[in-house]
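One structure is given here, and the rest of the page talks about it.
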Amino acid sequence: MRDAFRIGFPVFPDLTPLDFAGPWEVLTRLPGSACMIVAHDRAPVRAANGMTIMPTTTLSDCPPLDMVCVPGGPGHLAMMENEPLLAFLRAQAPGCRYVTAVCTGTLVLAAAGLLGGVKATTHWMSFERLAAFGAIPTKGRVVRDGRFITGGGVTAGIDFALEVATIIAGAELAKAIQLQIEYAPEPPYPGSPDRADPAVVAAQRERMAAYRGRMAEVDARVAERLAESADGRQAHAGAA
């Protein structure tokens, strides 16, 4: 029997710090949890906006996990085609009680072929991308489909982690953690595309046009690779 509930956070260059730090802040407060920062090696990882994160273990040295939580951020595009990380996720997922992601980390799980037929969410600007990988795009701050739990964009990681805490340890502990971190958001402006000023949403889409173009290029390559892998598995099964 494991002596702790092991939670692994894969980190990579250009991740969005709050995608990682929000869930980390909540889940490290769970009694009996052992949270690990997992990377390709132990070198410092430079997140988006300059934050540096120190890994505590590597993809090859990481023990079997009870939960994996993939953050998102601009660097998710490179990770969608990073075979060592994708192989790590595919190897860990079967033994995990929960396979999870926040923001565009969901697309990394999808690129690993783990979200076929699974209801999932992600950052609003990437929401429509999920269907290309067989996932079922589902609106929600937090979406659970069995052992798969995904959070929306960036700040949703805190909501996500509190829901995970509720599932693992019960509502009373989750409420206590929420109080400890004084999570009582009162934002000055609406922060979702369905409630924000349409002009602000349009301007944001325009500002991110080049980034969205890169998303489309990566998505096309990854979807083709997943389709080829599926065809190969079917051919192998037929031959057997």
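Identifiers in this document derive from the order of the structure tokens: chains are assigned A, B, ..., residues are numbered from 1 separately in each chain, and ligands are numbered from 1 in order of occurrence.
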**Message:** I need the residues in region 1-226 of chain A that are alpha helix (DSSP H) according to DSSP; give them as a ChimeraX atom specification.
**Reply:** /A:17-27,76-79,83-92,105-111,156-169,171-180,198-207,209-226
**Request:** Using backbone DSSP assignments, extract all strand (DSSP E or B) residues from chain A; output them as a PyMOL selection string.
**Result:** chain A and resi 5-10+33-39+45-46+52-53+57-58+67-70+98-102+119-120+136-137+142-145+148-151
List the spatial neighbours of region 201-214 of chain A as a PDB file with N, CA and C atoms, in the first residue's frame - criterion: any atom at most 12 Å away, only C-alpha atoms, same-chain residues fewer than 5 positions off excluded.
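around_29.pdb was written with the following content:
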```
ATOM      1  N   GLY A  73      -0.862  26.623 -20.807  1.00  0.00           N
ATOM      2  CA  GLY A  73      -0.035  27.780 -21.118  1.00  0.00           C
ATOM      3  C   GLY A  73       0.490  27.690 -22.533  1.00  0.00           C
ATOM      4  N   PRO A  74       1.176  28.728 -23.014  1.00  0.00           N
ATOM      5  CA  PRO A  74       1.681  28.721 -24.396  1.00  0.00           C
ATOM      6  C   PRO A  74       2.534  27.496 -24.721  1.00  0.00           C
ATOM      7  N   GLY A  75       3.269  27.008 -23.727  1.00  0.00           N
ATOM      8  CA  GLY A  75       4.136  25.850 -23.959  1.00  0.00           C
ATOM      9  C   GLY A  75       3.405  24.558 -24.217  1.00  0.00           C
ATOM     10  N   HIS A  76       2.082  24.561 -24.056  1.00  0.00           N
ATOM     11  CA  HIS A  76       1.346  23.313 -24.291  1.00  0.00           C
ATOM     12  C   HIS A  76       1.456  22.867 -25.741  1.00  0.00           C
ATOM     13  N   LEU A  77       1.664  23.806 -26.655  1.00  0.00           N
ATOM     14  CA  LEU A  77       1.747  23.428 -28.071  1.00  0.00           C
ATOM     15  C   LEU A  77       2.955  22.533 -28.315  1.00  0.00           C
ATOM     16  N   ALA A  78       4.087  22.891 -27.753  1.00  0.00           N
ATOM     17  CA  ALA A  78       5.272  22.034 -27.897  1.00  0.00           C
ATOM     18  C   ALA A  78       5.054  20.696 -27.211  1.00  0.00           C
ATOM     19  N   TRP A 124     -11.334  29.002 -22.763  1.00  0.00           N
ATOM     20  CA  TRP A 124     -12.400  29.313 -23.730  1.00  0.00           C
ATOM     21  C   TRP A 124     -11.888  29.480 -25.159  1.00  0.00           C
ATOM     22  N   MET A 125     -10.656  29.959 -25.318  1.00  0.00           N
ATOM     23  CA  MET A 125     -10.154  30.167 -26.668  1.00  0.00           C
ATOM     24  C   MET A 125      -9.748  28.865 -27.347  1.00  0.00           C
ATOM     25  N   SER A 126      -9.631  27.805 -26.574  1.00  0.00           N
ATOM     26  CA  SER A 126      -9.245  26.502 -27.122  1.00  0.00           C
ATOM     27  C   SER A 126     -10.369  25.474 -27.038  1.00  0.00           C
ATOM     28  N   PHE A 127     -11.509  25.893 -26.537  1.00  0.00           N
ATOM     29  CA  PHE A 127     -12.604  24.955 -26.269  1.00  0.00           C
ATOM     30  C   PHE A 127     -12.987  24.133 -27.495  1.00  0.00           C
ATOM     31  N   GLU A 128     -13.103  24.807 -28.655  1.00  0.00           N
ATOM     32  CA  GLU A 128     -13.556  24.103 -29.858  1.00  0.00           C
ATOM     33  C   GLU A 128     -12.511  23.136 -30.392  1.00  0.00           C
ATOM     34  N   ARG A 129     -11.284  23.212 -29.902  1.00  0.00           N
ATOM     35  CA  ARG A 129     -10.219  22.330 -30.377  1.00  0.00           C
ATOM     36  C   ARG A 129     -10.388  20.897 -29.886  1.00  0.00           C
ATOM     37  N   PRO A 190     -16.544  40.983 -15.623  1.00  0.00           N
ATOM     38  CA  PRO A 190     -16.847  39.604 -16.038  1.00  0.00           C
ATOM     39  C   PRO A 190     -15.639  38.991 -16.747  1.00  0.00           C
ATOM     40  N   GLY A 191     -15.348  37.739 -16.407  1.00  0.00           N
ATOM     41  CA  GLY A 191     -14.143  37.119 -16.951  1.00  0.00           C
ATOM     42  C   GLY A 191     -14.374  35.931 -17.856  1.00  0.00           C
ATOM     43  N   SER A 192     -15.604  35.768 -18.345  1.00  0.00           N
ATOM     44  CA  SER A 192     -15.880  34.670 -19.266  1.00  0.00           C
ATOM     45  C   SER A 192     -16.408  35.254 -20.575  1.00  0.00           C
ATOM     46  N   PRO A 193     -16.170  34.586 -21.702  1.00  0.00           N
ATOM     47  CA  PRO A 193     -16.537  35.171 -22.991  1.00  0.00           C
ATOM     48  C   PRO A 193     -18.033  35.365 -23.185  1.00  0.00           C
ATOM     49  N   ASP A 194     -18.854  34.601 -22.468  1.00  0.00           N
ATOM     50  CA  ASP A 194     -20.300  34.753 -22.611  1.00  0.00           C
ATOM     51  C   ASP A 194     -20.844  35.922 -21.804  1.00  0.00           C
ATOM     52  N   ARG A 195     -20.029  36.484 -20.904  1.00  0.00           N
ATOM     53  CA  ARG A 195     -20.484  37.605 -20.085  1.00  0.00           C
ATOM     54  C   ARG A 195     -19.657  38.872 -20.299  1.00  0.00           C
ATOM     55  N   ALA A 196     -18.478  38.740 -20.838  1.00  0.00           N
ATOM     56  CA  ALA A 196     -17.609  39.898 -21.033  1.00  0.00           C
ATOM     57  C   ALA A 196     -18.127  40.787 -22.157  1.00  0.00           C
ATOM     58  N   ASP A 219      -2.531  21.256 -34.006  1.00  0.00           N
ATOM     59  CA  ASP A 219      -3.693  20.367 -33.905  1.00  0.00           C
ATOM     60  C   ASP A 219      -3.801  19.445 -35.112  1.00  0.00           C
ATOM     61  N   ALA A 220      -3.558  19.993 -36.293  1.00  0.00           N
ATOM     62  CA  ALA A 220      -3.657  19.185 -37.512  1.00  0.00           C
ATOM     63  C   ALA A 220      -2.634  18.051 -37.499  1.00  0.00           C
ATOM     64  N   ARG A 221      -1.412  18.363 -37.083  1.00  0.00           N
ATOM     65  CA  ARG A 221      -0.368  17.326 -37.044  1.00  0.00           C
ATOM     66  C   ARG A 221      -0.692  16.261 -35.998  1.00  0.00           C
TER      67      ARG A 221
END
```
**Which of A:Ala176, A:Val164, A:Ala47, A:Val143 sits closest to Ala120 (chain A) [using only C-alpha atoms]** = A:Val143
**Item:** Test item: residues at most 9 Å from region 22-26 of chain A, only C-alpha atoms, excluding those fewer than 4 positions along its chain, as number ranges by chain
**Value:** A: 9, 17-18, 30, 35, 69, 102, 154-162, 165, 174, 177-178, 181
Could the residues in this selection be saved with C-alpha atoms as a PDB file, in the first residue's frame?
```pdb
ATOM      1  CA  PHE A   9       2.379  17.972 -11.854  1.00  0.00           C
ATOM      2  CA  PRO A  17       2.217  29.716 -13.583  1.00  0.00           C
ATOM      3  CA  LEU A  18      -1.274  29.969 -12.076  1.00  0.00           C
ATOM      4  CA  LEU A  30      -4.673  17.654   1.574  1.00  0.00           C
ATOM      5  CA  CYS A  35       2.790  16.467  -4.536  1.00  0.00           C
ATOM      6  CA  CYS A  69      -2.443  17.154 -13.174  1.00  0.00           C
ATOM      7  CA  VAL A 102      -6.182  22.667 -16.129  1.00  0.00           C
ATOM      8  CA  VAL A 154      -6.130  29.580 -15.570  1.00  0.00           C
ATOM      9  CA  THR A 155      -8.050  30.718 -12.452  1.00  0.00           C
ATOM     10  CA  ALA A 156     -10.423  27.768 -12.827  1.00  0.00           C
ATOM     11  CA  GLY A 157      -7.569  25.663 -11.499  1.00  0.00           C
ATOM     12  CA  ILE A 158      -8.473  26.715  -7.960  1.00  0.00           C
ATOM     13  CA  ASP A 159     -12.119  25.688  -8.414  1.00  0.00           C
ATOM     14  CA  PHE A 160     -10.895  22.473 -10.014  1.00  0.00           C
ATOM     15  CA  ALA A 161      -8.583  21.669  -7.104  1.00  0.00           C
ATOM     16  CA  LEU A 162     -11.272  22.369  -4.509  1.00  0.00           C
ATOM     17  CA  ALA A 165     -10.271  17.940  -2.655  1.00  0.00           C
ATOM     18  CA  ALA A 174     -12.412  21.351   1.043  1.00  0.00           C
ATOM     19  CA  ILE A 177      -8.924  24.729   2.602  1.00  0.00           C
ATOM     20  CA  GLN A 178     -10.951  27.335   0.727  1.00  0.00           C
ATOM     21  CA  ILE A 181      -6.560  30.426   1.238  1.00  0.00           C
TER      22      ILE A 181
END
```
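Counting from CA of Phe12 (chain A), the distance to CA of Val118 (chain A) is 24.6 Å.
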**Prompt:** Contacts of Leu226 (chain A) at 10 Å or less, counting only C-alpha atoms, minus same-chain residues fewer than 3 places along, as a list in words?
**Reply:** Ala110, Ala111, Ala112, Gly113, Phe133, Gly134, Arg221, Val222, Ala223, Ser229, Ala230, Asp231 and Gly232 of chain A
For Asp41 (chain A), please output as a compact mmCIF listing (two decimals) with N, CA, C and O atoms, in the first residue's frame all residues within 10 Å (counting only C-alpha atoms; exclusion window: fewer than 2 positions along the same chain).
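Output (result-v1.txt):
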```
# COMPACT_ATOMS: atom_id res chain seq x y z
N VAL A 38 7.13 17.33 -11.79
CA VAL A 38 7.77 16.39 -12.70
C VAL A 38 8.20 17.10 -13.98
O VAL A 38 7.42 17.86 -14.57
N ALA A 39 9.43 16.86 -14.41
CA ALA A 39 9.93 17.47 -15.64
C ALA A 39 10.84 16.49 -16.36
O ALA A 39 11.15 15.41 -15.86
N ALA A 43 16.60 20.33 -14.21
CA ALA A 43 16.98 21.72 -14.45
C ALA A 43 15.79 22.65 -14.20
O ALA A 43 14.63 22.24 -14.38
N PRO A 44 16.04 23.89 -13.76
CA PRO A 44 14.94 24.83 -13.55
C PRO A 44 14.12 25.00 -14.83
O PRO A 44 14.67 25.02 -15.94
N VAL A 45 12.82 25.10 -14.68
CA VAL A 45 11.91 25.27 -15.81
C VAL A 45 11.41 26.71 -15.80
O VAL A 45 10.85 27.17 -14.80
N MET A 54 11.30 24.70 -9.92
CA MET A 54 12.29 23.65 -9.70
C MET A 54 11.62 22.29 -9.64
O MET A 54 10.81 22.03 -8.73
N PRO A 55 11.90 21.41 -10.57
CA PRO A 55 11.33 20.06 -10.52
C PRO A 55 11.83 19.29 -9.30
O PRO A 55 12.93 19.54 -8.79
N THR A 56 11.02 18.36 -8.83
CA THR A 56 11.43 17.50 -7.73
C THR A 56 11.69 16.08 -8.18
O THR A 56 12.27 15.29 -7.42
N THR A 57 11.27 15.74 -9.40
CA THR A 57 11.57 14.43 -9.96
C THR A 57 11.51 14.54 -11.48
O THR A 57 11.15 15.59 -12.02
N THR A 58 11.87 13.48 -12.15
CA THR A 58 11.89 13.49 -13.61
C THR A 58 10.85 12.51 -14.16
O THR A 58 10.31 11.66 -13.44
N LEU A 59 10.60 12.62 -15.45
CA LEU A 59 9.65 11.71 -16.09
C LEU A 59 10.07 10.26 -15.89
O LEU A 59 9.23 9.38 -15.65
N SER A 60 11.37 10.01 -15.97
CA SER A 60 11.85 8.62 -15.86
C SER A 60 11.91 8.13 -14.42
O SER A 60 11.80 6.93 -14.17
N ASP A 61 12.09 9.04 -13.47
CA ASP A 61 12.22 8.63 -12.06
C ASP A 61 10.91 8.72 -11.28
O ASP A 61 10.83 8.22 -10.16
```
**Request:** May I have the residues within 8 Å of Gly72 (chain A) as an MDAnalysis selection string, using only C-alpha atoms and disregarding those fewer than 5 positions away in the same chain?
**Result:** chainID A and resid 15:16 19 101:106 154
Resulting file, chosen residues, all heavy atoms, as a PDB file, in the first residue's frame:
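So the final result, stored in result_9.pdb, reads:
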```pdb
ATOM      1  N   LEU A  15       4.776  27.265 -19.423  1.00  0.00           N
ATOM      2  CA  LEU A  15       3.465  26.988 -18.836  1.00  0.00           C
ATOM      3  C   LEU A  15       2.970  28.263 -18.152  1.00  0.00           C
ATOM      4  O   LEU A  15       3.754  29.152 -17.805  1.00  0.00           O
ATOM      5  CB  LEU A  15       3.530  25.823 -17.854  1.00  0.00           C
ATOM      6  CG  LEU A  15       4.311  25.974 -16.536  1.00  0.00           C
ATOM      7  CD1 LEU A  15       3.496  26.651 -15.446  1.00  0.00           C
ATOM      8  CD2 LEU A  15       4.775  24.624 -16.036  1.00  0.00           C
ATOM      9  N   THR A  16       1.661  28.358 -17.959  1.00  0.00           N
ATOM     10  CA  THR A  16       1.094  29.489 -17.236  1.00  0.00           C
ATOM     11  C   THR A  16       1.210  29.211 -15.737  1.00  0.00           C
ATOM     12  O   THR A  16       0.637  28.225 -15.253  1.00  0.00           O
ATOM     13  CB  THR A  16      -0.376  29.701 -17.637  1.00  0.00           C
ATOM     14  OG1 THR A  16      -0.434  30.066 -19.016  1.00  0.00           O
ATOM     15  CG2 THR A  16      -1.010  30.814 -16.799  1.00  0.00           C
ATOM     16  N   ASP A  19      -1.827  28.140 -13.603  1.00  0.00           N
ATOM     17  CA  ASP A  19      -2.376  26.819 -13.919  1.00  0.00           C
ATOM     18  C   ASP A  19      -1.792  25.760 -12.991  1.00  0.00           C
ATOM     19  O   ASP A  19      -2.451  24.781 -12.638  1.00  0.00           O
ATOM     20  CB  ASP A  19      -2.034  26.419 -15.360  1.00  0.00           C
ATOM     21  CG  ASP A  19      -2.835  27.161 -16.405  1.00  0.00           C
ATOM     22  OD1 ASP A  19      -3.685  27.988 -16.029  1.00  0.00           O
ATOM     23  OD2 ASP A  19      -2.602  26.914 -17.600  1.00  0.00           O
ATOM     24  N   ALA A 101      -6.372  17.859 -15.718  1.00  0.00           N
ATOM     25  CA  ALA A 101      -5.649  18.946 -16.371  1.00  0.00           C
ATOM     26  C   ALA A 101      -6.370  20.250 -16.109  1.00  0.00           C
ATOM     27  O   ALA A 101      -7.567  20.270 -15.795  1.00  0.00           O
ATOM     28  CB  ALA A 101      -5.530  18.697 -17.874  1.00  0.00           C
ATOM     29  N   VAL A 102      -5.638  21.327 -16.262  1.00  0.00           N
ATOM     30  CA  VAL A 102      -6.182  22.667 -16.129  1.00  0.00           C
ATOM     31  C   VAL A 102      -5.864  23.442 -17.400  1.00  0.00           C
ATOM     32  O   VAL A 102      -4.776  23.297 -17.970  1.00  0.00           O
ATOM     33  CB  VAL A 102      -5.572  23.393 -14.908  1.00  0.00           C
ATOM     34  CG1 VAL A 102      -6.038  24.838 -14.842  1.00  0.00           C
ATOM     35  CG2 VAL A 102      -5.926  22.658 -13.625  1.00  0.00           C
ATOM     36  N   CYS A 103      -6.809  24.257 -17.842  1.00  0.00           N
ATOM     37  CA  CYS A 103      -6.606  25.132 -18.998  1.00  0.00           C
ATOM     38  C   CYS A 103      -6.191  24.285 -20.217  1.00  0.00           C
ATOM     39  O   CYS A 103      -6.751  23.227 -20.452  1.00  0.00           O
ATOM     40  CB  CYS A 103      -5.576  26.205 -18.641  1.00  0.00           C
ATOM     41  SG  CYS A 103      -5.522  27.627 -19.743  1.00  0.00           S
ATOM     42  N   THR A 104      -5.222  24.733 -20.972  1.00  0.00           N
ATOM     43  CA  THR A 104      -4.827  24.001 -22.179  1.00  0.00           C
ATOM     44  C   THR A 104      -4.001  22.753 -21.886  1.00  0.00           C
ATOM     45  O   THR A 104      -3.622  22.030 -22.812  1.00  0.00           O
ATOM     46  CB  THR A 104      -4.062  24.919 -23.143  1.00  0.00           C
ATOM     47  OG1 THR A 104      -3.054  25.639 -22.427  1.00  0.00           O
ATOM     48  CG2 THR A 104      -5.004  25.910 -23.813  1.00  0.00           C
ATOM     49  N   GLY A 105      -3.774  22.472 -20.610  1.00  0.00           N
ATOM     50  CA  GLY A 105      -3.200  21.169 -20.273  1.00  0.00           C
ATOM     51  C   GLY A 105      -4.106  20.042 -20.738  1.00  0.00           C
ATOM     52  O   GLY A 105      -3.651  18.932 -21.022  1.00  0.00           O
ATOM     53  N   THR A 106      -5.403  20.330 -20.840  1.00  0.00           N
ATOM     54  CA  THR A 106      -6.350  19.341 -21.354  1.00  0.00           C
ATOM     55  C   THR A 106      -5.965  18.902 -22.763  1.00  0.00           C
ATOM     56  O   THR A 106      -6.125  17.729 -23.124  1.00  0.00           O
ATOM     57  CB  THR A 106      -7.780  19.913 -21.356  1.00  0.00           C
ATOM     58  OG1 THR A 106      -8.125  20.315 -20.031  1.00  0.00           O
ATOM     59  CG2 THR A 106      -8.789  18.883 -21.836  1.00  0.00           C
ATOM     60  N   VAL A 154      -6.996  28.950 -16.570  1.00  0.00           N
ATOM     61  CA  VAL A 154      -6.130  29.580 -15.570  1.00  0.00           C
ATOM     62  C   VAL A 154      -6.739  29.591 -14.161  1.00  0.00           C
ATOM     63  O   VAL A 154      -6.482  28.678 -13.375  1.00  0.00           O
ATOM     64  CB  VAL A 154      -5.724  30.997 -16.019  1.00  0.00           C
ATOM     65  CG1 VAL A 154      -4.599  31.538 -15.116  1.00  0.00           C
ATOM     66  CG2 VAL A 154      -5.238  30.999 -17.476  1.00  0.00           C
TER      67      VAL A 154
END
```
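With only C-alpha atoms as the basis for measurement, A:Leu107 is the residue among A:Leu86, A:Met215, A:Ala4, A:Leu107 that approaches Pro71 (chain A) most closely.
Each of A:Val200, A:Arg29, A:Val142, A:Pro94 was checked against Gln180 (chain A) using only C-alpha atoms; the smallest atom-to-atom distance is that of A:Arg29.
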**Prompt:** What is the CA of Asn49 (chain A)-CA of Thr122 (chain A) distance in Å, reported with one decimal?
**Reply:** 20.6 Å
**Asked** CA of Ile149 (chain A) and CA of Pro13 (chain A) are how many Å apart?
**Response** 23.3 Å
**Request:** Using only C-alpha atoms, pick whichever of A:Leu85, A:Ala216, A:Leu109, A:Leu115 has the shortest atom-to-atom distance to Ala135 (chain A).
**Result:** A:Leu115
**Prompt:** Of the residues A:Ala131, A:Thr121, A:Glu182, A:Ala199, which is the one nearest to Gly152 (chain A), using only C-alpha atoms?
**Reply:** A:Thr121
